[in-house]
Amino acid sequence: MEGQGEDVRLGANKYRERQPIGTAAQTQDTKDYKEPPAAPLVEPAELTSWSFYRAGIAEFVATFLFLYITVLTVMGVAKSSTKCSTVGIQGIAWAFGGMIFALVYCTAGISGGHINPAVTFGLFLARKLSLIRAVFYMIMQCLGAICGAAVVKSFQKTQYERLGGGANTVSSGYSKSSGLGAEIVGTFVLVYTVFSATDAKRNARDSHVPILAPLPIGFAVFLVHLATIPVTGTGINPARSLGAALIYNKDQAWDDHWIFWLGPFIGAALAALYHQIVIRAIPFKSK
């Protein structure tokens, strides 16, 4: 028995934890990554920089293309009497997720590839960009979405108005609170994925893993659409909801429109707080 006890002690000393866990992980003096500095709340110098306006243009074009492809897909499914002859809900989900994957990949190096006011709002709360840039992005995203939906309507005005124009509404059988909850949770999934996929700490420590940030973001959009299309048509993007509602411009598109702004903004705020305070514990780290 004494020999066995000695073996246990030797084993415990030989095979120690190689990486601290829990609160011990926060007491390390050295970092293998560099935390990006917090963006200033207001940065007037941005207004004189071409890169600032270039980023806004990139957000406009990306959101324009996003609405153009996705609303056309929705209209193609809606006009068919049988879903078996169309791409169906799965195809709609793939259109939204696939476009986000492609557009984030294209614009990430220019504007960050937000393409969504809720994503911009969450990143602003985490001090990833200034208030001026956040407001400018949201305006450009909304304008791009309106133009994208308008182009789709110009192709088929009669069918566009008859089939609902891809506007988000709470489906019959669901309450407004259910729709709001679906938008909050869906946006939380998306924005939490954005934070995780672009985290400086993850990128440094998992650099041996060939992860492409737009891929999990696009896949999160795809999965959320599969889950919530039957409930709200899936907003989780106020610009997308505004563009379709404004161009369709019928009472049914505006009745529940507040849900598609309030829900995504609440979900984005919760995701930002969860990632920054709970996951990264940034306010609690020693200086």
# chains A, B, ... in the order shown; residues from 1 in each chain; ligands from 1
>>> closest_atom_pairs(of="stretch 121-221 of chain A", to="stretch 97-110 of chain A", cutoff="7 Å", atoms="only C-alpha atoms", output="tab-separated table")
residue	atom	partner	partner_atom	distance
A:Pro214	CA	A:Phe101	CA	4.9
A:Leu215	CA	A:Phe101	CA	5.6
A:Ile217	CA	A:Phe101	CA	6.7
A:Gly218	CA	A:Phe101	CA	4.4
A:Phe219	CA	A:Gly97	CA	5.8
A:Val221	CA	A:Gly97	CA	4.9
>>> write_last_selection(atoms="C-alpha atoms", output="compact mmCIF listing (two decimals), in the first residue's frame")
# COMPACT_ATOMS: atom_id res chain seq x y z
CA PRO A 214 -17.11 34.14 -41.71
CA LEU A 215 -17.89 30.41 -41.73
CA ILE A 217 -21.03 33.40 -38.52
CA GLY A 218 -22.79 32.34 -41.71
CA PHE A 219 -23.59 28.94 -40.23
CA VAL A 221 -27.39 32.67 -39.45
>>> residues_around(residues="A:Val74", least_positions_apart="5", cutoff="12 Å", atoms="only C-alpha atoms", output="number ranges by chain")
A: 67-69, 79-80, 83, 86-96, 149, 152, 159-160, 163-168, 229, 233-234, 244
>>> write_last_selection(atoms="N, CA and C atoms", output="compact mmCIF listing (two decimals), in the first residue's frame")
# COMPACT_ATOMS: atom_id res chain seq x y z
N LEU A 67 -29.88 41.78 -49.33
CA LEU A 67 -31.34 41.86 -49.51
C LEU A 67 -31.74 41.39 -50.89
N TYR A 68 -30.96 41.74 -51.89
CA TYR A 68 -31.30 41.36 -53.26
C TYR A 68 -31.40 39.84 -53.40
N ILE A 69 -30.40 39.13 -52.95
CA ILE A 69 -30.38 37.67 -53.10
C ILE A 69 -31.41 37.01 -52.19
N LYS A 79 -44.07 32.14 -54.14
CA LYS A 79 -44.96 32.13 -55.30
C LYS A 79 -45.34 30.73 -55.76
N SER A 80 -44.71 29.71 -55.22
CA SER A 80 -45.01 28.34 -55.63
C SER A 80 -46.11 27.76 -54.76
N LYS A 83 -44.19 23.57 -51.98
CA LYS A 83 -42.80 23.83 -51.59
C LYS A 83 -41.85 22.79 -52.15
N THR A 86 -39.65 24.04 -54.96
CA THR A 86 -38.75 25.16 -54.66
C THR A 86 -37.68 24.70 -53.68
N VAL A 87 -36.80 25.62 -53.32
CA VAL A 87 -35.74 25.29 -52.36
C VAL A 87 -36.30 25.15 -50.94
N GLY A 88 -37.50 25.67 -50.69
CA GLY A 88 -38.14 25.52 -49.39
C GLY A 88 -37.46 26.32 -48.29
N ILE A 89 -37.86 26.04 -47.05
CA ILE A 89 -37.30 26.75 -45.90
C ILE A 89 -35.80 26.54 -45.80
N GLN A 90 -35.35 25.31 -46.08
CA GLN A 90 -33.92 25.04 -46.01
C GLN A 90 -33.15 25.89 -47.01
N GLY A 91 -33.71 26.06 -48.19
CA GLY A 91 -33.05 26.88 -49.19
C GLY A 91 -33.00 28.34 -48.80
N ILE A 92 -34.08 28.83 -48.18
CA ILE A 92 -34.09 30.22 -47.70
C ILE A 92 -33.01 30.40 -46.63
N ALA A 93 -32.94 29.44 -45.71
CA ALA A 93 -31.93 29.51 -44.66
C ALA A 93 -30.52 29.49 -45.24
N TRP A 94 -30.30 28.65 -46.25
CA TRP A 94 -28.99 28.61 -46.90
C TRP A 94 -28.69 29.91 -47.62
N ALA A 95 -29.70 30.54 -48.22
CA ALA A 95 -29.48 31.81 -48.91
C ALA A 95 -29.02 32.89 -47.93
N PHE A 96 -29.68 32.98 -46.79
CA PHE A 96 -29.29 33.97 -45.79
C PHE A 96 -27.92 33.66 -45.20
N ALA A 149 -34.14 45.73 -51.64
CA ALA A 149 -35.54 45.32 -51.75
C ALA A 149 -36.24 46.04 -52.90
N VAL A 152 -35.56 44.32 -56.21
CA VAL A 152 -36.36 43.10 -56.34
C VAL A 152 -37.79 43.46 -56.76
N GLN A 159 -46.25 40.65 -58.30
CA GLN A 159 -46.00 39.48 -57.44
C GLN A 159 -45.40 39.90 -56.10
N TYR A 160 -44.56 40.91 -56.13
CA TYR A 160 -43.92 41.38 -54.89
C TYR A 160 -44.98 41.81 -53.89
N LEU A 163 -47.24 38.71 -52.75
CA LEU A 163 -46.61 37.65 -51.96
C LEU A 163 -45.97 38.14 -50.66
N GLY A 164 -46.13 39.42 -50.37
CA GLY A 164 -45.65 39.91 -49.08
C GLY A 164 -44.30 40.57 -49.09
N GLY A 165 -43.59 40.53 -50.21
CA GLY A 165 -42.34 41.27 -50.32
C GLY A 165 -41.23 40.83 -49.40
N GLY A 166 -41.34 39.64 -48.82
CA GLY A 166 -40.30 39.19 -47.91
C GLY A 166 -40.29 39.91 -46.58
N ALA A 167 -41.36 40.65 -46.28
CA ALA A 167 -41.41 41.41 -45.03
C ALA A 167 -41.60 40.48 -43.84
N ASN A 168 -40.99 40.84 -42.72
CA ASN A 168 -41.12 40.04 -41.50
C ASN A 168 -42.42 40.35 -40.77
N ILE A 229 -37.80 30.81 -38.88
CA ILE A 229 -38.62 31.18 -40.04
C ILE A 229 -40.10 30.89 -39.79
N GLY A 233 -40.42 34.62 -39.61
CA GLY A 233 -39.77 34.79 -40.90
C GLY A 233 -38.29 35.07 -40.72
N THR A 234 -37.85 35.19 -39.49
CA THR A 234 -36.48 35.47 -39.05
C THR A 234 -36.01 36.84 -39.48
N ALA A 244 -37.33 45.50 -46.35
CA ALA A 244 -38.47 44.76 -46.90
C ALA A 244 -39.79 45.42 -46.53
>>> closest_residue(among="A:Ser241, A:Thr48, A:Gln156, A:Ser178", to="A:Ala118", atoms="only C-alpha atoms")
A:Ser241
>>> closest_residue(among="A:Thr193, A:Thr169, A:Ser175, A:Thr158", to="A:Leu242", atoms="only C-alpha atoms")
A:Thr169
>>> select_by_dssp(residues="stretch 45-283 of chain A", states="helix (DSSP H, G or I)", output="ChimeraX atom specification")
/A:45-48,50-78,83-85,88-107,117-125,131-155,157-162,176-197,200-205,214-232,238-248,251-255,259-279,282-283
>>> closest_residue(among="A:Gly181, A:Pro238, A:Gly267, A:Gly243", to="A:Pro117", atoms="only C-alpha atoms")
A:Pro238
